[in-house]
$ cat start07.cif   # mmCIF, C-alpha atoms
data_input
loop_
_atom_site.label_atom_id
_atom_site.label_comp_id
_atom_site.auth_asym_id
_atom_site.auth_seq_id
_atom_site.Cartn_x
_atom_site.Cartn_y
_atom_site.Cartn_z
CA MET V 22 93.46 94.88 117.42
CA SER V 23 91.67 97.51 119.50
CA THR V 24 92.84 98.71 122.92
CA LEU V 25 89.47 100.22 123.82
CA SER V 26 87.85 99.20 127.13
CA PHE V 27 84.17 99.46 128.05
CA PRO V 28 82.30 99.83 131.35
CA PRO V 29 80.82 96.57 132.76
CA VAL V 30 77.31 97.88 132.12
CA LEU V 31 77.03 100.07 129.06
CA THR V 32 74.55 102.94 129.22
CA SER V 33 72.39 103.76 126.20
CA PRO V 34 73.54 106.43 123.70
CA ARG V 35 70.53 108.52 124.82
CA GLN V 36 71.63 108.36 128.46
CA ASP V 37 75.21 109.20 127.44
CA ALA V 38 73.91 112.26 125.58
CA ILE V 39 71.93 113.35 128.68
CA ASP V 40 74.97 112.81 130.93
CA LEU V 41 77.20 114.81 128.58
CA HIS V 42 74.68 117.64 128.51
CA LYS V 43 74.64 117.64 132.32
CA ALA V 44 78.45 117.76 132.35
CA PHE V 45 78.35 120.92 130.21
CA LYS V 46 75.77 122.71 132.35
CA GLY V 47 76.52 125.13 135.14
CA LEU V 48 79.78 126.88 135.88
CA GLY V 49 82.64 125.11 134.16
CA CYS V 50 82.54 121.77 132.47
CA ASP V 51 82.76 118.42 134.27
CA THR V 52 85.66 117.36 132.06
CA ALA V 53 86.31 114.12 133.96
CA GLN V 54 82.77 112.96 133.14
CA VAL V 55 83.14 113.88 129.45
CA VAL V 56 86.39 111.89 129.26
CA ASN V 57 84.92 108.99 131.21
CA ILE V 58 82.05 108.64 128.75
CA LEU V 59 83.67 109.30 125.38
CA ALA V 60 86.97 107.47 125.96
CA HIS V 61 85.07 104.21 126.55
CA ARG V 62 82.70 104.12 123.58
CA ASP V 63 83.38 102.58 120.18
CA VAL V 64 82.87 104.18 116.77
CA THR V 65 79.20 103.07 116.45
CA GLN V 66 78.31 104.18 119.98
CA ARG V 67 79.97 107.58 119.42
CA ALA V 68 77.93 108.11 116.24
CA LEU V 69 74.70 107.20 118.08
CA ILE V 70 75.51 109.52 121.00
CA GLN V 71 75.99 112.38 118.52
CA GLN V 72 72.66 111.57 116.85
CA GLU V 73 70.83 111.50 120.19
CA TYR V 74 72.50 114.73 121.32
CA ARG V 75 71.46 116.50 118.11
CA ALA V 76 67.87 115.20 118.40
CA MET V 77 67.47 116.23 122.05
CA TYR V 78 69.34 119.52 122.22
CA SER V 79 69.26 120.80 118.62
CA GLU V 80 73.00 121.35 118.54
CA GLU V 81 76.03 119.42 117.37
CA LEU V 82 77.93 117.62 120.12
CA ALA V 83 81.22 118.49 118.35
CA LYS V 84 80.37 122.19 118.50
CA ARG V 85 79.58 121.99 122.20
CA LEU V 86 82.73 120.02 122.96
CA SER V 87 84.72 122.61 121.05
CA SER V 88 83.42 125.40 123.27
CA GLU V 89 83.69 123.44 126.55
CA LEU V 90 87.14 121.86 126.17
CA SER V 91 90.51 123.40 125.39
CA GLY V 92 94.11 122.63 124.40
CA ASN V 93 95.29 119.14 123.54
CA LEU V 94 92.32 117.45 125.19
CA LYS V 95 89.97 119.35 122.87
CA LYS V 96 92.04 118.36 119.80
CA ALA V 97 92.08 114.70 120.86
CA VAL V 98 88.36 114.45 121.71
CA LEU V 99 87.24 116.26 118.54
CA LEU V 100 89.26 113.80 116.43
CA TRP V 101 88.05 110.82 118.45
CA ILE V 102 84.34 111.43 117.92
CA HIS V 103 84.71 110.97 114.14
CA ASP V 104 84.50 107.68 112.30
CA PRO V 105 87.86 106.61 110.72
CA ALA V 106 87.13 108.08 107.27
CA GLY V 107 85.85 111.39 108.67
CA ARG V 108 88.86 111.55 110.98
CA ASP V 109 91.37 110.91 108.18
CA ALA V 110 89.63 113.50 106.02
CA THR V 111 89.76 116.05 108.86
CA ILE V 112 93.45 115.40 109.64
CA VAL V 113 94.50 115.66 105.99
CA ARG V 114 92.34 118.72 105.30
CA ASN V 115 93.80 120.52 108.34
CA ALA V 116 97.30 119.48 107.33
CA LEU V 117 96.83 120.77 103.77
CA SER V 118 94.81 123.91 104.43
CA GLY V 119 95.36 124.92 108.06
CA ASP V 120 97.31 127.92 109.30
CA ILE V 121 100.45 125.79 109.17
CA VAL V 122 100.68 123.36 106.26
CA ASP V 123 101.93 119.99 107.54
CA LEU V 124 102.81 117.88 104.51
CA LYS V 125 104.36 115.20 106.73
CA ALA V 126 101.09 114.59 108.60
CA ALA V 127 99.11 114.44 105.33
CA THR V 128 101.70 112.08 103.83
CA GLU V 129 101.70 109.82 106.90
CA VAL V 130 97.91 109.40 106.79
CA ILE V 131 97.66 108.91 103.02
CA CYS V 132 100.60 106.53 102.64
CA SER V 133 99.77 104.37 105.69
CA ARG V 134 96.19 103.63 104.61
CA THR V 135 94.94 100.82 102.39
CA SER V 136 93.50 101.53 98.98
CA SER V 137 89.89 100.96 100.18
CA GLN V 138 90.41 103.20 103.26
CA ILE V 139 91.65 105.97 100.96
CA GLN V 140 88.64 105.64 98.65
CA VAL V 141 86.24 106.00 101.62
CA PHE V 142 88.07 108.94 103.14
CA LYS V 143 88.22 110.69 99.73
CA GLN V 144 84.41 110.56 99.66
CA ALA V 145 84.23 111.92 103.23
CA TYR V 146 86.72 114.65 102.25
CA TYR V 147 84.55 115.89 99.39
CA ALA V 148 81.28 115.53 101.36
CA ARG V 149 82.68 117.51 104.30
CA PHE V 150 84.84 120.15 102.65
CA GLY V 151 83.36 120.50 99.15
CA VAL V 152 86.74 120.04 97.53
CA HIS V 153 88.48 117.00 96.09
CA LEU V 154 91.49 115.64 97.99
CA GLU V 155 93.49 115.66 94.74
CA ASN V 156 92.94 119.44 94.37
CA ASP V 157 94.43 120.13 97.80
CA ILE V 158 97.39 117.80 97.12
CA ASN V 159 97.92 119.50 93.78
CA TYR V 160 97.91 122.91 95.42
CA GLN V 161 100.17 122.18 98.43
CA ALA V 162 102.59 119.43 97.38
CA SER V 163 105.20 119.67 94.65
CA GLY V 164 107.56 117.68 92.45
CA ASP V 165 107.89 113.92 92.82
CA HIS V 166 106.17 114.01 96.22
CA LYS V 167 103.05 115.44 94.57
CA LYS V 168 103.21 112.89 91.71
CA LEU V 169 103.48 110.01 94.21
CA LEU V 170 100.61 111.23 96.42
CA LEU V 171 98.32 111.81 93.43
CA ALA V 172 99.11 108.33 92.09
CA TYR V 173 98.66 106.78 95.53
CA VAL V 174 95.20 108.26 96.17
CA SER V 175 93.87 107.46 92.70
CA THR V 176 95.15 103.88 92.20
CA THR V 177 93.19 100.84 93.34
CA ARG V 178 95.61 98.32 94.86
CA TYR V 179 95.07 94.65 95.63
CA GLU V 180 94.80 94.09 99.41
CA GLY V 181 95.20 90.32 99.71
CA PRO V 182 98.25 88.23 100.68
CA GLU V 183 99.02 86.58 97.30
CA VAL V 184 102.01 87.77 95.27
CA ASP V 185 103.28 87.05 91.77
CA ARG V 186 106.91 85.91 92.23
CA ASN V 187 107.92 86.79 88.67
CA LEU V 188 106.55 90.32 89.00
CA VAL V 189 108.26 90.67 92.41
CA ASP V 190 111.67 89.85 90.87
CA ARG V 191 111.00 92.13 87.90
CA ASP V 192 110.08 95.03 90.22
CA ALA V 193 113.21 94.47 92.33
CA LYS V 194 115.35 94.57 89.15
CA ASP V 195 113.52 97.66 87.85
CA LEU V 196 114.12 99.47 91.16
CA PHE V 197 117.81 98.54 91.03
CA LYS V 198 118.08 99.91 87.47
CA ALA V 199 116.16 103.04 88.52
CA GLY V 200 118.39 103.75 91.53
CA GLU V 201 121.63 102.10 92.56
CA LYS V 202 122.69 101.00 89.07
CA ARG V 203 122.59 104.45 87.46
CA LEU V 204 123.79 107.97 87.97
CA GLY V 205 120.84 109.94 89.26
CA THR V 206 117.45 108.38 90.00
CA ASP V 207 114.57 107.37 87.74
CA GLU V 208 111.82 108.60 90.11
CA LYS V 209 109.05 107.55 87.71
CA THR V 210 109.83 103.86 88.32
CA PHE V 211 109.77 104.30 92.09
CA ILE V 212 106.43 106.15 91.85
CA ARG V 213 104.90 103.51 89.56
CA ILE V 214 105.90 100.50 91.66
CA PHE V 215 105.21 102.07 95.08
CA SER V 216 101.79 103.41 94.07
CA GLU V 217 100.52 100.40 92.09
CA ARG V 218 101.61 97.37 94.12
CA SER V 219 99.94 95.78 97.13
CA TRP V 220 101.57 95.84 100.57
CA ALA V 221 102.21 92.07 100.42
CA HIS V 222 103.87 92.52 97.03
CA LEU V 223 106.08 95.43 98.20
CA ALA V 224 107.16 93.49 101.30
CA ALA V 225 108.17 90.63 98.97
CA VAL V 226 110.01 93.09 96.67
CA SER V 227 111.94 94.38 99.68
CA ILE V 228 113.08 90.83 100.55
CA ALA V 229 113.89 90.03 96.89
CA TYR V 230 115.89 93.25 96.55
CA HIS V 231 118.02 92.37 99.57
CA HIS V 232 118.50 88.83 98.26
CA LEU V 233 119.51 89.99 94.76
CA TYR V 234 121.64 93.02 95.60
CA GLY V 235 122.60 92.67 99.26
CA SER V 236 121.20 96.04 100.26
CA SER V 237 118.03 97.17 101.98
CA LEU V 238 115.36 98.79 99.81
CA LYS V 239 114.74 101.32 102.61
CA LYS V 240 118.43 102.34 102.54
CA VAL V 241 118.23 102.71 98.76
CA VAL V 242 115.19 105.01 99.13
CA LYS V 243 117.14 107.07 101.71
CA SER V 244 120.19 107.43 99.47
CA GLU V 245 118.32 108.00 96.19
CA THR V 246 115.57 110.38 97.34
CA SER V 247 115.06 113.17 99.89
CA GLY V 248 112.53 115.34 101.73
CA ASP V 249 108.81 114.63 101.61
CA PHE V 250 109.22 112.28 98.62
CA GLU V 251 111.61 110.11 100.66
CA PHE V 252 109.27 110.20 103.68
CA ALA V 253 106.31 109.08 101.51
CA LEU V 254 108.23 106.15 99.95
CA LEU V 255 109.53 105.06 103.37
CA THR V 256 106.02 105.26 104.86
CA ILE V 257 104.68 103.01 102.08
CA ILE V 258 107.43 100.39 102.38
CA ARG V 259 107.44 100.38 106.21
CA CYS V 260 103.66 99.97 106.34
CA ALA V 261 103.90 97.21 103.73
CA GLU V 262 106.36 95.36 105.97
CA ASN V 263 104.99 96.11 109.44
CA PRO V 264 102.55 99.00 110.08
CA ALA V 265 102.67 98.55 113.88
CA LYS V 266 106.46 98.94 113.88
CA TYR V 267 106.14 102.03 111.68
CA PHE V 268 103.69 103.71 114.08
CA ALA V 269 105.75 102.71 117.14
CA LYS V 270 108.65 104.59 115.54
CA ILE V 271 106.48 107.65 114.81
CA LEU V 272 105.26 107.68 118.44
CA ARG V 273 108.78 107.35 119.80
CA LYS V 274 109.91 110.33 117.71
CA ALA V 275 106.95 112.37 118.96
CA MET V 276 107.87 111.80 122.61
CA LYS V 277 111.66 111.69 122.48
CA GLY V 278 113.89 114.62 123.40
CA LEU V 279 112.82 118.05 124.58
CA GLY V 280 109.09 118.71 124.37
CA THR V 281 106.37 116.48 122.97
CA ASP V 282 104.93 116.61 119.46
CA ASP V 283 101.34 116.45 120.74
CA SER V 284 99.67 116.70 117.34
CA THR V 285 101.50 113.53 116.20
CA LEU V 286 100.86 111.77 119.51
CA ILE V 287 97.13 112.57 119.27
CA ARG V 288 96.88 111.71 115.58
CA VAL V 289 98.46 108.26 115.94
CA VAL V 290 96.89 107.18 119.25
CA VAL V 291 93.39 108.33 118.27
CA SER V 292 93.45 106.94 114.72
CA ARG V 293 95.01 103.56 115.61
CA THR V 294 93.11 102.78 118.88
CA GLU V 295 90.36 100.81 117.12
CA ILE V 296 92.67 99.29 114.50
CA ASP V 297 96.05 98.03 115.72
CA LEU V 298 97.18 99.92 118.82
CA GLN V 299 97.59 96.60 120.68
CA TYR V 300 100.21 95.56 118.09
CA ILE V 301 101.84 99.01 118.16
CA LYS V 302 102.22 98.70 121.96
CA ALA V 303 103.89 95.29 121.52
CA GLU V 304 106.28 96.67 118.87
CA TYR V 305 107.04 99.68 121.07
CA MET V 306 107.97 97.44 123.99
CA LYS V 307 110.05 95.17 121.75
CA LYS V 308 111.99 98.01 120.10
CA TYR V 309 112.41 100.49 122.99
CA ARG V 310 112.05 98.26 126.09
CA LYS V 311 109.47 100.69 127.48
CA ALA V 312 105.70 100.50 127.83
CA LEU V 313 103.89 102.95 125.56
CA GLY V 314 101.46 103.78 128.39
CA ASP V 315 104.34 104.77 130.71
CA GLU V 316 105.83 107.00 128.01
CA VAL V 317 102.47 108.69 127.36
CA HIS V 318 101.97 109.13 131.12
CA SER V 319 105.30 110.92 131.56
CA GLU V 320 104.78 113.18 128.49
CA THR V 321 101.21 114.35 129.25
CA SER V 322 99.16 115.67 132.18
CA GLY V 323 95.66 116.27 133.52
CA HIS V 324 92.50 115.19 131.68
CA TYR V 325 94.48 115.01 128.43
CA ARG V 326 96.67 112.30 130.00
CA THR V 327 93.59 110.44 131.35
CA PHE V 328 91.95 110.52 127.92
CA LEU V 329 94.98 109.22 125.97
CA LEU V 330 95.73 106.54 128.59
CA SER V 331 92.10 105.36 128.40
CA LEU V 332 92.64 104.78 124.67
CA VAL V 333 96.09 103.22 125.04
CA GLY V 334 94.81 100.78 127.69
CA PRO V 335 96.80 98.93 130.38
CA ASN V 336 100.47 98.05 129.83
CA HIS V 337 100.12 94.28 130.03
#
$ encode --input "start07.cif" --output "structure tokens"
Amino acid sequence: MSTLSFPPVLTSPRQDAIDLHKAFKGLGCDTAQVVNILAHRDVTQRALIQQEYRAMYSEELAKRLSSELSGNLKKAVLLWIHDPAGRDATIVRNALSGDIVDLKAATEVICSRTSSQIQVFKQAYYARFGVHLENDINYQASGDHKKLLLAYVSTTRYEGPEVDRNLVDRDAKDLFKAGEKRLGTDEKTFIRIFSERSWAHLAAVSIAYHHLYGSSLKKVVKSETSGDFEFALLTIIRCAENPAKYFAKILRKAMKGLGTDDSTLIRVVVSRTEIDLQYIKAEYMKKYRKALGDEVHSETSGHYRTFLLSLVGPNH
């Protein structure tokens, strides 16, 4: 459920493009106007504004925004103007080939997306960067983490709610044999089940595992695996059970303690605004007894704060 809000009377994409161009002209940029326009337009409107801007001024809006804005606001706006697939492709490409490789960010995006979302963003990845996602994973990841990511991006998973009870029980038993029951861990079984099964199925396996063996599948993953491989498995199982709760936890971590992890804050708020940020806000309030908007307000400032709060929407 989207948290995006729109002005009472929506201007045309052409008028938005003209107003943005005006905001860029002269000494300094009218950043408040840029934020006011872009933070209140949906994915289709943003695409049309970019088309109109290109047609009228023979330059890419993204390029102009990049030269006019700076810091965290620039990062947030440049991610926001993409469609979801282009955004995911950009985040993962930057995470796998930027100055600082961020395997956690790449893993979070890949393992929290549905099978069909991954297929679309793989196409966008190749179209935009001329390289296959699998090649970058192969180059940057290693060990079981790499095997899991490669399996996860290449397997088509069922996305409906139905589950096969017999297969659920069999998977729970196989995971027990692969982990708790033996010395060492049979990682291949974890990779196979976590990369091939639907979210509804994995959520059912988690319940069945607890019922059969009295322990939480998440705790088993934590005790049997480590590092990026553990993070990937936990991302998959948490998103299978409750994606909004998973992202609430990620946001809390980004804002807790000394300093703010702005790249995580931007990545999650921007990529979930038009999907399920309303549910994430509810989970955040339920788990931490604080409004997400208030937390964002106290951790950010200036136009960057205005922009993110426009996406997050009111507290109630």
$ atom_distance --input "start07.cif" --atom1 "CA of Ile257 (chain V)" --atom2 "CA of Thr206 (chain V)"
18.4 Å
$ closest_residue --input "start07.cif" --among "V:Lys143, V:Lys168, V:Arg288, V:Lys274" --to "Thr210 (chain V)" --atoms "all atoms listed in the file"
V:Lys168
$ resolve_selection --input "start07.cif" --expression "the PyMOL selection byres ((chain V and resi 84) around 12)" --output "list in words"
Phe45, Gln71, Tyr74, Arg75, Tyr78, Ser79, Glu80, Glu81, Leu82, Ala83, Arg85, Leu86, Ser87, Ser88, Glu89, Leu90, Lys95, Val98, Leu99 and Ile102 of chain V
$ write_last_selection --input "start07.cif" --atoms "C-alpha atoms" --output "short mmCIF file (atom, residue, chain, number, x, y, z; two decimals), keeping the file's coordinate frame"
data_model
loop_
_atom_site.label_atom_id
_atom_site.label_comp_id
_atom_site.auth_asym_id
_atom_site.auth_seq_id
_atom_site.Cartn_x
_atom_site.Cartn_y
_atom_site.Cartn_z
CA PHE V 45 78.35 120.92 130.21
CA GLN V 71 75.99 112.38 118.52
CA TYR V 74 72.50 114.73 121.32
CA ARG V 75 71.46 116.50 118.11
CA TYR V 78 69.34 119.52 122.22
CA SER V 79 69.26 120.80 118.62
CA GLU V 80 73.00 121.35 118.54
CA GLU V 81 76.03 119.42 117.37
CA LEU V 82 77.93 117.62 120.12
CA ALA V 83 81.22 118.49 118.35
CA ARG V 85 79.58 121.99 122.20
CA LEU V 86 82.73 120.02 122.96
CA SER V 87 84.72 122.61 121.05
CA SER V 88 83.42 125.40 123.27
CA GLU V 89 83.69 123.44 126.55
CA LEU V 90 87.14 121.86 126.17
CA LYS V 95 89.97 119.35 122.87
CA VAL V 98 88.36 114.45 121.71
CA LEU V 99 87.24 116.26 118.54
CA ILE V 102 84.34 111.43 117.92
#
$ atom_distance --input "start07.cif" --atom1 "CA of Asp185 (chain V)" --atom2 "CA of Ser219 (chain V)"
10.8 Å
$ atom_distance --input "start07.cif" --atom1 "CA of Leu154 (chain V)" --atom2 "CA of Leu124 (chain V)"
13.3 Å
$ closest_residue --input "start07.cif" --among "V:Val152, V:Cys132, V:Ala224, V:Ala275" --to "Phe250 (chain V)" --atoms "all atoms listed in the file"
V:Cys132
$ resolve_selection --input "start07.cif" --expression "the PyMOL selection byres ((chain V and resi 61-67) around 9)" --output "list of chain:residue names"
V:Leu25, V:Ser26, V:Phe27, V:Pro28, V:Leu31, V:Ser33, V:Pro34, V:Val56, V:Asn57, V:Ile58, V:Leu59, V:Ala60, V:Ala68, V:Leu69, V:Ile70, V:Gln71, V:Gln72, V:Trp101, V:Ile102, V:His103, V:Asp104, V:Pro105, V:Glu295, V:Ser331, V:Leu332
$ decode --input "start07.cif" --residues "region 275-287 of chain V" --atoms "N, CA, C and O atoms" --output "CSV table (one decimal), in the first residue's frame"
chain,number,residue,atom,x,y,z
V,275,ALA,N,19.0,1.2,10.6
V,275,ALA,CA,19.7,2.3,9.9
V,275,ALA,C,19.7,3.6,10.7
V,275,ALA,O,20.5,4.5,10.5
V,276,MET,N,18.7,3.7,11.6
V,276,MET,CA,18.5,5.0,12.3
V,276,MET,C,18.9,4.9,13.8
V,276,MET,O,19.0,5.9,14.5
V,277,LYS,N,19.2,3.7,14.3
V,277,LYS,CA,19.5,3.5,15.7
V,277,LYS,C,21.0,3.8,16.0
V,277,LYS,O,21.8,3.7,15.1
V,278,GLY,N,21.3,4.3,17.2
V,278,GLY,CA,22.6,4.5,17.6
V,278,GLY,C,23.2,5.8,17.0
V,278,GLY,O,22.5,6.7,16.6
V,279,LEU,N,24.5,5.8,17.1
V,279,LEU,CA,25.3,7.0,16.6
V,279,LEU,C,25.3,7.1,15.1
V,279,LEU,O,25.7,6.1,14.4
V,280,GLY,N,24.9,8.2,14.5
V,280,GLY,CA,24.9,8.4,13.1
V,280,GLY,C,23.8,7.6,12.4
V,280,GLY,O,23.2,6.7,13.0
V,281,THR,N,23.5,8.0,11.2
V,281,THR,CA,22.4,7.4,10.4
V,281,THR,C,23.0,6.7,9.2
V,281,THR,O,23.8,7.3,8.5
V,282,ASP,N,22.5,5.5,8.9
V,282,ASP,CA,22.9,4.8,7.6
V,282,ASP,C,22.0,5.3,6.5
V,282,ASP,O,21.0,4.7,6.2
V,283,ASP,N,22.4,6.5,6.0
V,283,ASP,CA,21.5,7.2,5.0
V,283,ASP,C,21.3,6.3,3.7
V,283,ASP,O,20.2,6.4,3.2
V,284,SER,N,22.3,5.6,3.3
V,284,SER,CA,22.1,4.9,2.0
V,284,SER,C,21.0,3.8,2.2
V,284,SER,O,20.2,3.5,1.3
V,285,THR,N,20.9,3.2,3.4
V,285,THR,CA,19.9,2.2,3.7
V,285,THR,C,18.5,2.9,3.9
V,285,THR,O,17.5,2.4,3.3
V,286,LEU,N,18.5,4.0,4.6
V,286,LEU,CA,17.3,4.7,4.8
V,286,LEU,C,16.7,5.1,3.4
V,286,LEU,O,15.5,4.9,3.2
V,287,ILE,N,17.5,5.7,2.6
V,287,ILE,CA,17.1,6.1,1.2
V,287,ILE,C,16.6,4.9,0.4
V,287,ILE,O,15.5,4.9,-0.2
